[in-house]
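Undergrad: Here you go, one structure.
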Amino acid sequence: QVTLVESGGGLVQAGGSLRLSCAASGGTFSSYAMGWFRQAPGKEREFVAAISRSGGITYDADSVKGRFTISRDNAKNTVYLQMNSLKSEDTAVYYCAADRPVSLVYIQTIAGGYDYWGQGTQVTVSS
């Protein structure tokens, strides 16, 4: 079983940048496909980005395409979300999630497809 801990959230002005990190422990990190989701107050959890086990395949939600980049470092057991050109509508609690597929190229965009979740980190973008 893997444990996920997010960090890097905070308060930033619109147009600014943040980098979120998600450190994994308790499992073989390279066995897990990873994803980032977010949830704003009063809204459902929303897919942000996903990355395959090897990092060779990534997929971003349309709402963040061209602004956010997901990456991973399997040697450091960490997945990242680089967020640039932040907007007020990006304000949310951001969660990382892990799934354990067989395929090296598998990615998952549905929250229900993930088995493990972090506790979340708050990102607030002021306009």
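Ligands are numbered from 1 in the order shown, residues from 1 within each chain, and chains are lettered A, B, ... in the order they appear in the structure tokens.
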Tell me, as a PyMOL selection string, which residues lie within 12 Å of region 58-72 of chain A, counting only C-alpha atoms; anything in the same chain fewer than 2 positions away does not count.

TA: chain A and resi 15-24+29-30+32-38+46-56+74-87+89-90+96+104-110

Undergrad: Go through chain A and collect every residue that DSSP, computed from the backbone, puts in strand (DSSP E or B); the answer should be as a short mmCIF file (atom, residue, chain, number, x, y, z; two decimals) with all heavy atoms, in the first residue's frame.

TA:
```cif
data_model
loop_
_atom_site.label_atom_id
_atom_site.label_comp_id
_atom_site.auth_asym_id
_atom_site.auth_seq_id
_atom_site.Cartn_x
_atom_site.Cartn_y
_atom_site.Cartn_z
N THR A 3 1.49 5.42 0.48
CA THR A 3 1.02 6.63 1.15
C THR A 3 1.50 7.83 0.37
O THR A 3 2.68 7.89 -0.04
CB THR A 3 1.56 6.70 2.59
OG1 THR A 3 1.08 5.55 3.32
CG2 THR A 3 1.09 7.96 3.29
N LEU A 4 0.60 8.80 0.15
CA LEU A 4 0.90 9.97 -0.66
C LEU A 4 0.78 11.24 0.18
O LEU A 4 -0.21 11.41 0.91
CB LEU A 4 -0.07 10.05 -1.84
CG LEU A 4 -0.16 8.81 -2.73
CD1 LEU A 4 -1.28 8.95 -3.75
CD2 LEU A 4 1.16 8.54 -3.42
N VAL A 5 1.77 12.12 0.06
CA VAL A 5 1.75 13.37 0.80
C VAL A 5 2.06 14.52 -0.15
O VAL A 5 3.16 14.58 -0.72
CB VAL A 5 2.79 13.37 1.95
CG1 VAL A 5 2.76 14.71 2.67
CG2 VAL A 5 2.50 12.23 2.92
N GLU A 6 1.08 15.42 -0.30
CA GLU A 6 1.25 16.57 -1.18
C GLU A 6 1.88 17.74 -0.43
O GLU A 6 1.71 17.87 0.80
CB GLU A 6 -0.09 17.04 -1.75
CG GLU A 6 -0.85 16.02 -2.56
CD GLU A 6 -1.90 15.30 -1.74
OE1 GLU A 6 -1.73 15.23 -0.50
OE2 GLU A 6 -2.87 14.79 -2.32
N SER A 7 2.56 18.59 -1.16
CA SER A 7 3.12 19.81 -0.60
C SER A 7 3.27 20.83 -1.71
O SER A 7 3.15 20.50 -2.90
CB SER A 7 4.47 19.55 0.07
OG SER A 7 5.40 19.07 -0.87
N GLY A 10 -0.25 27.02 -1.67
CA GLY A 10 -0.12 28.30 -1.03
C GLY A 10 -0.96 29.36 -1.70
O GLY A 10 -1.83 29.06 -2.53
N LEU A 11 -0.68 30.60 -1.36
CA LEU A 11 -1.37 31.76 -1.92
C LEU A 11 -0.48 32.42 -2.96
O LEU A 11 0.70 32.69 -2.69
CB LEU A 11 -1.70 32.75 -0.80
CG LEU A 11 -2.32 34.08 -1.23
CD1 LEU A 11 -3.68 33.87 -1.86
CD2 LEU A 11 -2.42 35.01 -0.02
N VAL A 12 -1.03 32.65 -4.14
CA VAL A 12 -0.26 33.27 -5.23
C VAL A 12 -1.17 34.21 -5.99
O VAL A 12 -2.38 34.01 -6.05
CB VAL A 12 0.32 32.17 -6.15
CG1 VAL A 12 -0.79 31.38 -6.83
CG2 VAL A 12 1.28 32.74 -7.16
N GLN A 13 -0.58 35.24 -6.57
CA GLN A 13 -1.35 36.16 -7.38
C GLN A 13 -1.63 35.58 -8.75
O GLN A 13 -0.87 34.74 -9.26
CB GLN A 13 -0.61 37.49 -7.52
CG GLN A 13 -0.57 38.32 -6.25
CD GLN A 13 0.01 39.71 -6.49
OE1 GLN A 13 0.81 39.91 -7.39
NE2 GLN A 13 -0.40 40.67 -5.66
N LEU A 18 3.24 28.05 -9.23
CA LEU A 18 3.50 27.18 -8.08
C LEU A 18 3.90 25.81 -8.61
O LEU A 18 3.47 25.42 -9.71
CB LEU A 18 2.26 27.02 -7.19
CG LEU A 18 1.87 28.14 -6.24
CD1 LEU A 18 0.54 27.79 -5.57
CD2 LEU A 18 2.94 28.36 -5.19
N ARG A 19 4.68 25.10 -7.81
CA ARG A 19 4.96 23.70 -8.14
C ARG A 19 4.53 22.83 -6.97
O ARG A 19 5.04 22.98 -5.85
CB ARG A 19 6.44 23.46 -8.43
CG ARG A 19 6.69 22.04 -8.94
CD ARG A 19 8.12 21.78 -9.37
NE ARG A 19 8.99 21.47 -8.24
CZ ARG A 19 10.11 20.75 -8.35
NH1 ARG A 19 10.48 20.28 -9.53
NH2 ARG A 19 10.86 20.53 -7.29
N LEU A 20 3.60 21.94 -7.24
CA LEU A 20 3.16 20.99 -6.24
C LEU A 20 4.00 19.73 -6.34
O LEU A 20 4.41 19.33 -7.43
CB LEU A 20 1.69 20.64 -6.45
CG LEU A 20 0.70 21.80 -6.48
CD1 LEU A 20 -0.72 21.26 -6.60
CD2 LEU A 20 0.84 22.68 -5.27
N SER A 21 4.24 19.11 -5.19
CA SER A 21 4.94 17.84 -5.13
C SER A 21 4.06 16.84 -4.41
O SER A 21 3.27 17.20 -3.53
CB SER A 21 6.26 17.98 -4.37
OG SER A 21 7.12 18.90 -5.01
N CYS A 22 4.23 15.59 -4.77
CA CYS A 22 3.52 14.50 -4.10
C CYS A 22 4.54 13.39 -3.87
O CYS A 22 5.00 12.76 -4.83
CB CYS A 22 2.36 14.01 -4.93
SG CYS A 22 1.54 12.53 -4.30
N ALA A 23 4.89 13.19 -2.61
CA ALA A 23 5.87 12.18 -2.25
C ALA A 23 5.16 10.88 -1.88
O ALA A 23 4.21 10.89 -1.09
CB ALA A 23 6.73 12.67 -1.09
N ALA A 24 5.64 9.79 -2.44
CA ALA A 24 5.04 8.49 -2.19
C ALA A 24 5.96 7.64 -1.32
O ALA A 24 7.19 7.70 -1.46
CB ALA A 24 4.78 7.77 -3.51
N SER A 25 5.37 6.85 -0.46
CA SER A 25 6.13 5.92 0.36
C SER A 25 5.32 4.65 0.58
O SER A 25 4.09 4.66 0.46
CB SER A 25 6.48 6.54 1.72
OG SER A 25 5.30 6.87 2.43
N ALA A 33 0.72 4.41 -11.81
CA ALA A 33 0.35 5.57 -12.61
C ALA A 33 -0.20 6.62 -11.65
O ALA A 33 -0.86 6.28 -10.67
CB ALA A 33 -0.71 5.19 -13.64
N MET A 34 0.09 7.88 -11.95
CA MET A 34 -0.24 8.94 -11.02
C MET A 34 -1.15 9.99 -11.66
O MET A 34 -1.14 10.18 -12.89
CB MET A 34 1.04 9.63 -10.53
CG MET A 34 2.04 8.71 -9.87
SD MET A 34 1.43 7.95 -8.36
CE MET A 34 1.22 9.40 -7.32
N GLY A 35 -1.91 10.66 -10.82
CA GLY A 35 -2.77 11.72 -11.32
C GLY A 35 -2.89 12.85 -10.32
O GLY A 35 -2.62 12.67 -9.12
N TRP A 36 -3.27 14.00 -10.83
CA TRP A 36 -3.61 15.15 -10.00
C TRP A 36 -5.08 15.51 -10.25
O TRP A 36 -5.53 15.54 -11.40
CB TRP A 36 -2.73 16.36 -10.34
CG TRP A 36 -1.34 16.29 -9.82
CD1 TRP A 36 -0.22 15.90 -10.50
CD2 TRP A 36 -0.89 16.64 -8.50
NE1 TRP A 36 0.88 15.97 -9.69
CE2 TRP A 36 0.50 16.42 -8.46
CE3 TRP A 36 -1.53 17.10 -7.35
CZ2 TRP A 36 1.26 16.66 -7.31
CZ3 TRP A 36 -0.78 17.34 -6.22
CH2 TRP A 36 0.60 17.12 -6.19
N PHE A 37 -5.78 15.78 -9.17
CA PHE A 37 -7.17 16.22 -9.22
C PHE A 37 -7.28 17.47 -8.36
O PHE A 37 -6.40 17.77 -7.55
CB PHE A 37 -8.11 15.14 -8.69
CG PHE A 37 -8.23 13.96 -9.60
CD1 PHE A 37 -7.21 13.01 -9.67
CD2 PHE A 37 -9.35 13.77 -10.39
CE1 PHE A 37 -7.31 11.91 -10.52
CE2 PHE A 37 -9.46 12.68 -11.23
CZ PHE A 37 -8.44 11.76 -11.30
N ARG A 38 -8.38 18.17 -8.50
CA ARG A 38 -8.62 19.33 -7.64
C ARG A 38 -10.11 19.43 -7.33
O ARG A 38 -10.96 18.93 -8.07
CB ARG A 38 -8.13 20.62 -8.31
CG ARG A 38 -8.89 21.02 -9.57
CD ARG A 38 -8.20 22.20 -10.23
NE ARG A 38 -8.91 22.65 -11.43
CZ ARG A 38 -8.45 23.59 -12.25
NH1 ARG A 38 -7.28 24.19 -12.00
NH2 ARG A 38 -9.16 23.94 -13.31
N GLN A 39 -10.39 20.07 -6.21
CA GLN A 39 -11.77 20.25 -5.79
C GLN A 39 -11.93 21.64 -5.19
O GLN A 39 -11.30 21.96 -4.18
CB GLN A 39 -12.19 19.18 -4.79
CG GLN A 39 -13.67 19.19 -4.47
CD GLN A 39 -14.11 17.93 -3.77
OE1 GLN A 39 -13.30 17.17 -3.22
NE2 GLN A 39 -15.41 17.66 -3.80
N GLU A 46 -12.25 17.30 -9.72
CA GLU A 46 -12.03 17.47 -11.15
C GLU A 46 -10.65 16.96 -11.54
O GLU A 46 -9.66 17.25 -10.85
CB GLU A 46 -12.14 18.97 -11.48
CG GLU A 46 -11.77 19.37 -12.88
CD GLU A 46 -11.67 20.88 -13.06
OE1 GLU A 46 -11.43 21.58 -12.05
OE2 GLU A 46 -11.83 21.35 -14.20
N PHE A 47 -10.58 16.24 -12.64
CA PHE A 47 -9.30 15.76 -13.15
C PHE A 47 -8.46 16.93 -13.64
O PHE A 47 -8.98 17.85 -14.30
CB PHE A 47 -9.55 14.79 -14.31
CG PHE A 47 -8.31 14.46 -15.09
CD1 PHE A 47 -7.36 13.60 -14.57
CD2 PHE A 47 -8.09 15.01 -16.34
CE1 PHE A 47 -6.21 13.30 -15.29
CE2 PHE A 47 -6.96 14.72 -17.07
CZ PHE A 47 -6.02 13.87 -16.54
N VAL A 48 -7.16 16.89 -13.34
CA VAL A 48 -6.24 17.92 -13.78
C VAL A 48 -5.21 17.35 -14.76
O VAL A 48 -5.05 17.86 -15.87
CB VAL A 48 -5.52 18.57 -12.58
CG1 VAL A 48 -4.47 19.57 -13.07
CG2 VAL A 48 -6.52 19.24 -11.66
N ALA A 49 -4.50 16.30 -14.34
CA ALA A 49 -3.44 15.76 -15.19
C ALA A 49 -3.10 14.35 -14.72
O ALA A 49 -3.33 14.00 -13.56
CB ALA A 49 -2.19 16.63 -15.13
N ALA A 50 -2.55 13.56 -15.65
CA ALA A 50 -2.17 12.18 -15.33
C ALA A 50 -0.87 11.84 -16.03
O ALA A 50 -0.54 12.42 -17.07
CB ALA A 50 -3.27 11.21 -15.74
N ILE A 51 -0.16 10.87 -15.46
CA ILE A 51 1.12 10.46 -16.03
C ILE A 51 1.27 8.96 -15.85
O ILE A 51 0.86 8.39 -14.84
CB ILE A 51 2.27 11.24 -15.35
CG1 ILE A 51 3.60 11.00 -16.08
CG2 ILE A 51 2.39 10.91 -13.87
CD1 ILE A 51 4.68 12.00 -15.67
N THR A 58 1.62 11.46 -20.81
CA THR A 58 0.92 12.40 -19.94
C THR A 58 -0.35 12.87 -20.62
O THR A 58 -0.48 12.80 -21.86
CB THR A 58 1.78 13.63 -19.59
OG1 THR A 58 2.08 14.36 -20.79
CG2 THR A 58 3.08 13.22 -18.91
N TYR A 59 -1.28 13.34 -19.81
CA TYR A 59 -2.53 13.88 -20.34
C TYR A 59 -3.01 14.96 -19.40
O TYR A 59 -3.01 14.78 -18.19
CB TYR A 59 -3.57 12.77 -20.47
CG TYR A 59 -4.85 13.24 -21.13
CD1 TYR A 59 -4.90 13.39 -22.52
CD2 TYR A 59 -5.98 13.55 -20.39
CE1 TYR A 59 -6.06 13.83 -23.13
CE2 TYR A 59 -7.14 13.99 -21.00
CZ TYR A 59 -7.18 14.13 -22.37
OH TYR A 59 -8.32 14.57 -22.98
N ASP A 60 -3.41 16.10 -19.98
CA ASP A 60 -3.87 17.24 -19.21
C ASP A 60 -5.32 17.55 -19.53
O ASP A 60 -5.76 17.42 -20.68
CB ASP A 60 -3.04 18.47 -19.53
CG ASP A 60 -1.56 18.25 -19.34
OD1 ASP A 60 -1.19 17.56 -18.38
OD2 ASP A 60 -0.77 18.76 -20.16
N PHE A 68 -0.25 23.97 -17.16
CA PHE A 68 0.21 23.03 -16.14
C PHE A 68 1.00 21.90 -16.80
O PHE A 68 0.68 21.47 -17.92
CB PHE A 68 -0.98 22.42 -15.40
CG PHE A 68 -1.74 23.35 -14.51
CD1 PHE A 68 -1.53 24.73 -14.52
CD2 PHE A 68 -2.69 22.85 -13.63
CE1 PHE A 68 -2.25 25.58 -13.69
CE2 PHE A 68 -3.42 23.68 -12.79
CZ PHE A 68 -3.20 25.04 -12.84
N THR A 69 1.98 21.39 -16.07
CA THR A 69 2.77 20.26 -16.56
C THR A 69 2.96 19.25 -15.44
O THR A 69 3.44 19.59 -14.36
CB THR A 69 4.16 20.72 -17.05
OG1 THR A 69 3.99 21.70 -18.09
CG2 THR A 69 4.95 19.55 -17.59
N ILE A 70 2.59 18.02 -15.73
CA ILE A 70 2.81 16.93 -14.77
C ILE A 70 4.11 16.22 -15.14
O ILE A 70 4.43 16.04 -16.32
CB ILE A 70 1.62 15.95 -14.75
CG1 ILE A 70 1.78 14.93 -13.63
CG2 ILE A 70 1.44 15.27 -16.11
CD1 ILE A 70 0.54 14.05 -13.41
N SER A 71 4.86 15.83 -14.12
CA SER A 71 6.10 15.08 -14.34
C SER A 71 6.34 14.20 -13.13
O SER A 71 5.67 14.34 -12.11
CB SER A 71 7.28 16.03 -14.57
OG SER A 71 7.52 16.83 -13.43
N ARG A 72 7.29 13.31 -13.25
CA ARG A 72 7.62 12.44 -12.12
C ARG A 72 9.09 12.12 -12.12
O ARG A 72 9.76 12.12 -13.17
CB ARG A 72 6.79 11.15 -12.18
CG ARG A 72 7.11 10.22 -13.33
CD ARG A 72 6.08 9.08 -13.42
NE ARG A 72 6.15 8.21 -12.27
CZ ARG A 72 5.17 7.37 -11.91
NH1 ARG A 72 4.05 7.32 -12.63
NH2 ARG A 72 5.30 6.60 -10.85
N ASP A 73 9.60 11.82 -10.94
CA ASP A 73 10.97 11.37 -10.75
C ASP A 73 10.89 10.07 -9.97
O ASP A 73 10.70 10.08 -8.74
CB ASP A 73 11.78 12.43 -10.00
CG ASP A 73 13.25 12.08 -9.90
OD1 ASP A 73 13.60 10.89 -10.01
OD2 ASP A 73 14.06 12.99 -9.69
N THR A 78 8.49 10.72 -6.43
CA THR A 78 7.75 11.97 -6.37
C THR A 78 7.13 12.31 -7.73
O THR A 78 7.79 12.12 -8.77
CB THR A 78 8.65 13.12 -5.91
OG1 THR A 78 9.20 12.81 -4.62
CG2 THR A 78 7.87 14.43 -5.79
N VAL A 79 5.91 12.81 -7.68
CA VAL A 79 5.26 13.35 -8.87
C VAL A 79 5.04 14.84 -8.63
O VAL A 79 4.81 15.27 -7.50
CB VAL A 79 3.93 12.62 -9.18
CG1 VAL A 79 2.92 12.80 -8.06
CG2 VAL A 79 3.36 13.06 -10.50
N TYR A 80 5.16 15.60 -9.71
CA TYR A 80 5.07 17.06 -9.61
C TYR A 80 3.95 17.60 -10.49
O TYR A 80 3.56 16.98 -11.47
CB TYR A 80 6.40 17.69 -10.07
CG TYR A 80 7.61 17.20 -9.34
CD1 TYR A 80 8.41 16.20 -9.88
CD2 TYR A 80 7.97 17.75 -8.11
CE1 TYR A 80 9.54 15.74 -9.21
CE2 TYR A 80 9.09 17.29 -7.43
CZ TYR A 80 9.86 16.29 -7.98
OH TYR A 80 10.98 15.84 -7.31
N LEU A 81 3.49 18.78 -10.12
CA LEU A 81 2.57 19.52 -10.98
C LEU A 81 3.07 20.96 -11.01
O LEU A 81 2.95 21.70 -10.03
CB LEU A 81 1.14 19.46 -10.45
CG LEU A 81 0.10 20.13 -11.36
CD1 LEU A 81 -0.04 19.32 -12.67
CD2 LEU A 81 -1.25 20.25 -10.66
N GLN A 82 3.67 21.33 -12.13
CA GLN A 82 4.11 22.70 -12.33
C GLN A 82 2.94 23.51 -12.87
O GLN A 82 2.38 23.16 -13.91
CB GLN A 82 5.28 22.75 -13.32
CG GLN A 82 5.77 24.16 -13.63
CD GLN A 82 6.40 24.84 -12.44
OE1 GLN A 82 7.19 24.23 -11.71
NE2 GLN A 82 6.04 26.11 -12.22
N MET A 83 2.59 24.56 -12.16
CA MET A 83 1.42 25.36 -12.52
C MET A 83 1.87 26.78 -12.84
O MET A 83 2.40 27.47 -11.96
CB MET A 83 0.41 25.36 -11.37
CG MET A 83 -0.01 23.97 -10.93
SD MET A 83 -1.35 23.98 -9.71
CE MET A 83 -0.54 24.80 -8.35
N ALA A 92 -8.35 25.83 -5.47
CA ALA A 92 -8.93 24.53 -5.09
C ALA A 92 -7.97 23.82 -4.15
O ALA A 92 -6.82 24.24 -3.99
CB ALA A 92 -9.18 23.68 -6.33
N VAL A 93 -8.46 22.73 -3.58
CA VAL A 93 -7.57 21.78 -2.92
C VAL A 93 -7.11 20.79 -3.99
O VAL A 93 -7.94 20.24 -4.73
CB VAL A 93 -8.29 21.04 -1.78
CG1 VAL A 93 -7.35 20.01 -1.16
CG2 VAL A 93 -8.77 22.04 -0.72
N TYR A 94 -5.82 20.61 -4.08
CA TYR A 94 -5.23 19.72 -5.09
C TYR A 94 -4.81 18.41 -4.43
O TYR A 94 -4.14 18.40 -3.39
CB TYR A 94 -4.04 20.39 -5.75
CG TYR A 94 -4.45 21.44 -6.76
CD1 TYR A 94 -5.00 22.66 -6.35
CD2 TYR A 94 -4.32 21.21 -8.13
CE1 TYR A 94 -5.40 23.61 -7.28
CE2 TYR A 94 -4.72 22.15 -9.06
CZ TYR A 94 -5.26 23.35 -8.63
OH TYR A 94 -5.65 24.29 -9.56
N TYR A 95 -5.20 17.32 -5.07
CA TYR A 95 -4.93 15.98 -4.57
C TYR A 95 -4.11 15.19 -5.59
O TYR A 95 -4.37 15.28 -6.80
CB TYR A 95 -6.23 15.21 -4.34
CG TYR A 95 -7.16 15.82 -3.34
CD1 TYR A 95 -8.13 16.75 -3.74
CD2 TYR A 95 -7.11 15.47 -1.99
CE1 TYR A 95 -9.01 17.30 -2.83
CE2 TYR A 95 -7.98 16.02 -1.06
CZ TYR A 95 -8.92 16.93 -1.49
OH TYR A 95 -9.79 17.48 -0.58
N CYS A 96 -3.17 14.41 -5.10
CA CYS A 96 -2.54 13.44 -5.99
C CYS A 96 -3.13 12.06 -5.70
O CYS A 96 -3.65 11.81 -4.60
CB CYS A 96 -1.02 13.42 -5.86
SG CYS A 96 -0.37 12.76 -4.33
N ALA A 97 -3.06 11.21 -6.68
CA ALA A 97 -3.65 9.89 -6.59
C ALA A 97 -2.78 8.88 -7.31
O ALA A 97 -2.05 9.23 -8.25
CB ALA A 97 -5.06 9.90 -7.19
N ALA A 98 -2.88 7.61 -6.87
CA ALA A 98 -2.07 6.55 -7.45
C ALA A 98 -2.94 5.36 -7.83
O ALA A 98 -3.87 4.99 -7.11
CB ALA A 98 -1.00 6.11 -6.46
N ASP A 99 -2.59 4.77 -8.96
CA ASP A 99 -3.26 3.57 -9.44
C ASP A 99 -2.16 2.59 -9.85
O ASP A 99 -1.08 3.02 -10.26
CB ASP A 99 -4.15 3.92 -10.64
CG ASP A 99 -4.93 2.74 -11.16
OD1 ASP A 99 -5.16 1.78 -10.39
OD2 ASP A 99 -5.31 2.76 -12.34
N TYR A 116 -5.44 5.06 -4.35
CA TYR A 116 -4.81 5.74 -3.22
C TYR A 116 -4.82 7.25 -3.45
O TYR A 116 -4.62 7.72 -4.59
CB TYR A 116 -3.36 5.26 -3.05
CG TYR A 116 -3.23 3.78 -2.91
CD1 TYR A 116 -2.84 2.99 -3.98
CD2 TYR A 116 -3.53 3.14 -1.70
CE1 TYR A 116 -2.75 1.61 -3.87
CE2 TYR A 116 -3.44 1.76 -1.58
CZ TYR A 116 -3.05 1.01 -2.66
OH TYR A 116 -2.96 -0.35 -2.54
N TRP A 117 -5.02 7.98 -2.35
CA TRP A 117 -5.13 9.44 -2.42
C TRP A 117 -4.32 10.09 -1.31
O TRP A 117 -4.22 9.54 -0.21
CB TRP A 117 -6.60 9.86 -2.28
CG TRP A 117 -7.43 9.47 -3.45
CD1 TRP A 117 -8.02 8.25 -3.68
CD2 TRP A 117 -7.75 10.28 -4.57
NE1 TRP A 117 -8.69 8.27 -4.88
CE2 TRP A 117 -8.54 9.51 -5.44
CE3 TRP A 117 -7.46 11.59 -4.92
CZ2 TRP A 117 -9.04 10.00 -6.65
CZ3 TRP A 117 -7.95 12.09 -6.12
CH2 TRP A 117 -8.73 11.30 -6.97
N THR A 121 -3.56 19.59 -0.84
CA THR A 121 -2.87 20.83 -0.51
C THR A 121 -3.65 21.99 -1.13
O THR A 121 -4.09 21.91 -2.28
CB THR A 121 -1.41 20.81 -0.99
OG1 THR A 121 -0.72 21.98 -0.54
CG2 THR A 121 -1.29 20.71 -2.51
N GLN A 122 -3.83 23.06 -0.36
CA GLN A 122 -4.66 24.18 -0.81
C GLN A 122 -3.87 25.10 -1.72
O GLN A 122 -2.74 25.50 -1.39
CB GLN A 122 -5.16 24.97 0.40
CG GLN A 122 -5.95 26.23 0.06
CD GLN A 122 -7.30 25.92 -0.53
OE1 GLN A 122 -8.04 25.09 -0.01
NE2 GLN A 122 -7.65 26.60 -1.63
N VAL A 123 -4.48 25.45 -2.83
CA VAL A 123 -3.93 26.45 -3.74
C VAL A 123 -4.95 27.57 -3.85
O VAL A 123 -6.11 27.32 -4.20
CB VAL A 123 -3.63 25.86 -5.13
CG1 VAL A 123 -3.27 26.97 -6.12
CG2 VAL A 123 -2.52 24.84 -5.05
N THR A 124 -4.52 28.78 -3.54
CA THR A 124 -5.40 29.93 -3.62
C THR A 124 -4.77 30.97 -4.53
O THR A 124 -3.63 31.39 -4.30
CB THR A 124 -5.65 30.54 -2.24
OG1 THR A 124 -6.21 29.55 -1.37
CG2 THR A 124 -6.61 31.72 -2.33
N VAL A 125 -5.52 31.36 -5.56
CA VAL A 125 -5.03 32.34 -6.53
C VAL A 125 -5.84 33.61 -6.36
O VAL A 125 -7.07 33.59 -6.54
CB VAL A 125 -5.13 31.81 -7.96
CG1 VAL A 125 -4.53 32.82 -8.94
CG2 VAL A 125 -4.42 30.47 -8.10
N SER A 126 -5.17 34.68 -6.01
CA SER A 126 -5.86 35.95 -5.83
C SER A 126 -5.83 36.76 -7.12
O SER A 126 -4.83 36.79 -7.83
CB SER A 126 -5.20 36.74 -4.70
OG SER A 126 -3.87 37.06 -5.04
#
```

Undergrad: Using only C-alpha atoms, which of A:Gly42, A:Tyr114, A:Gln1, A:Ser88 sits nearest Pro101 (chain A)?

TA: A:Tyr114

Undergrad: Which of chain A counts as helix (DSSP H, G or I) under DSSP, as a PyMOL selection string please?

TA: chain A and resi 29-31+88-90+111-113
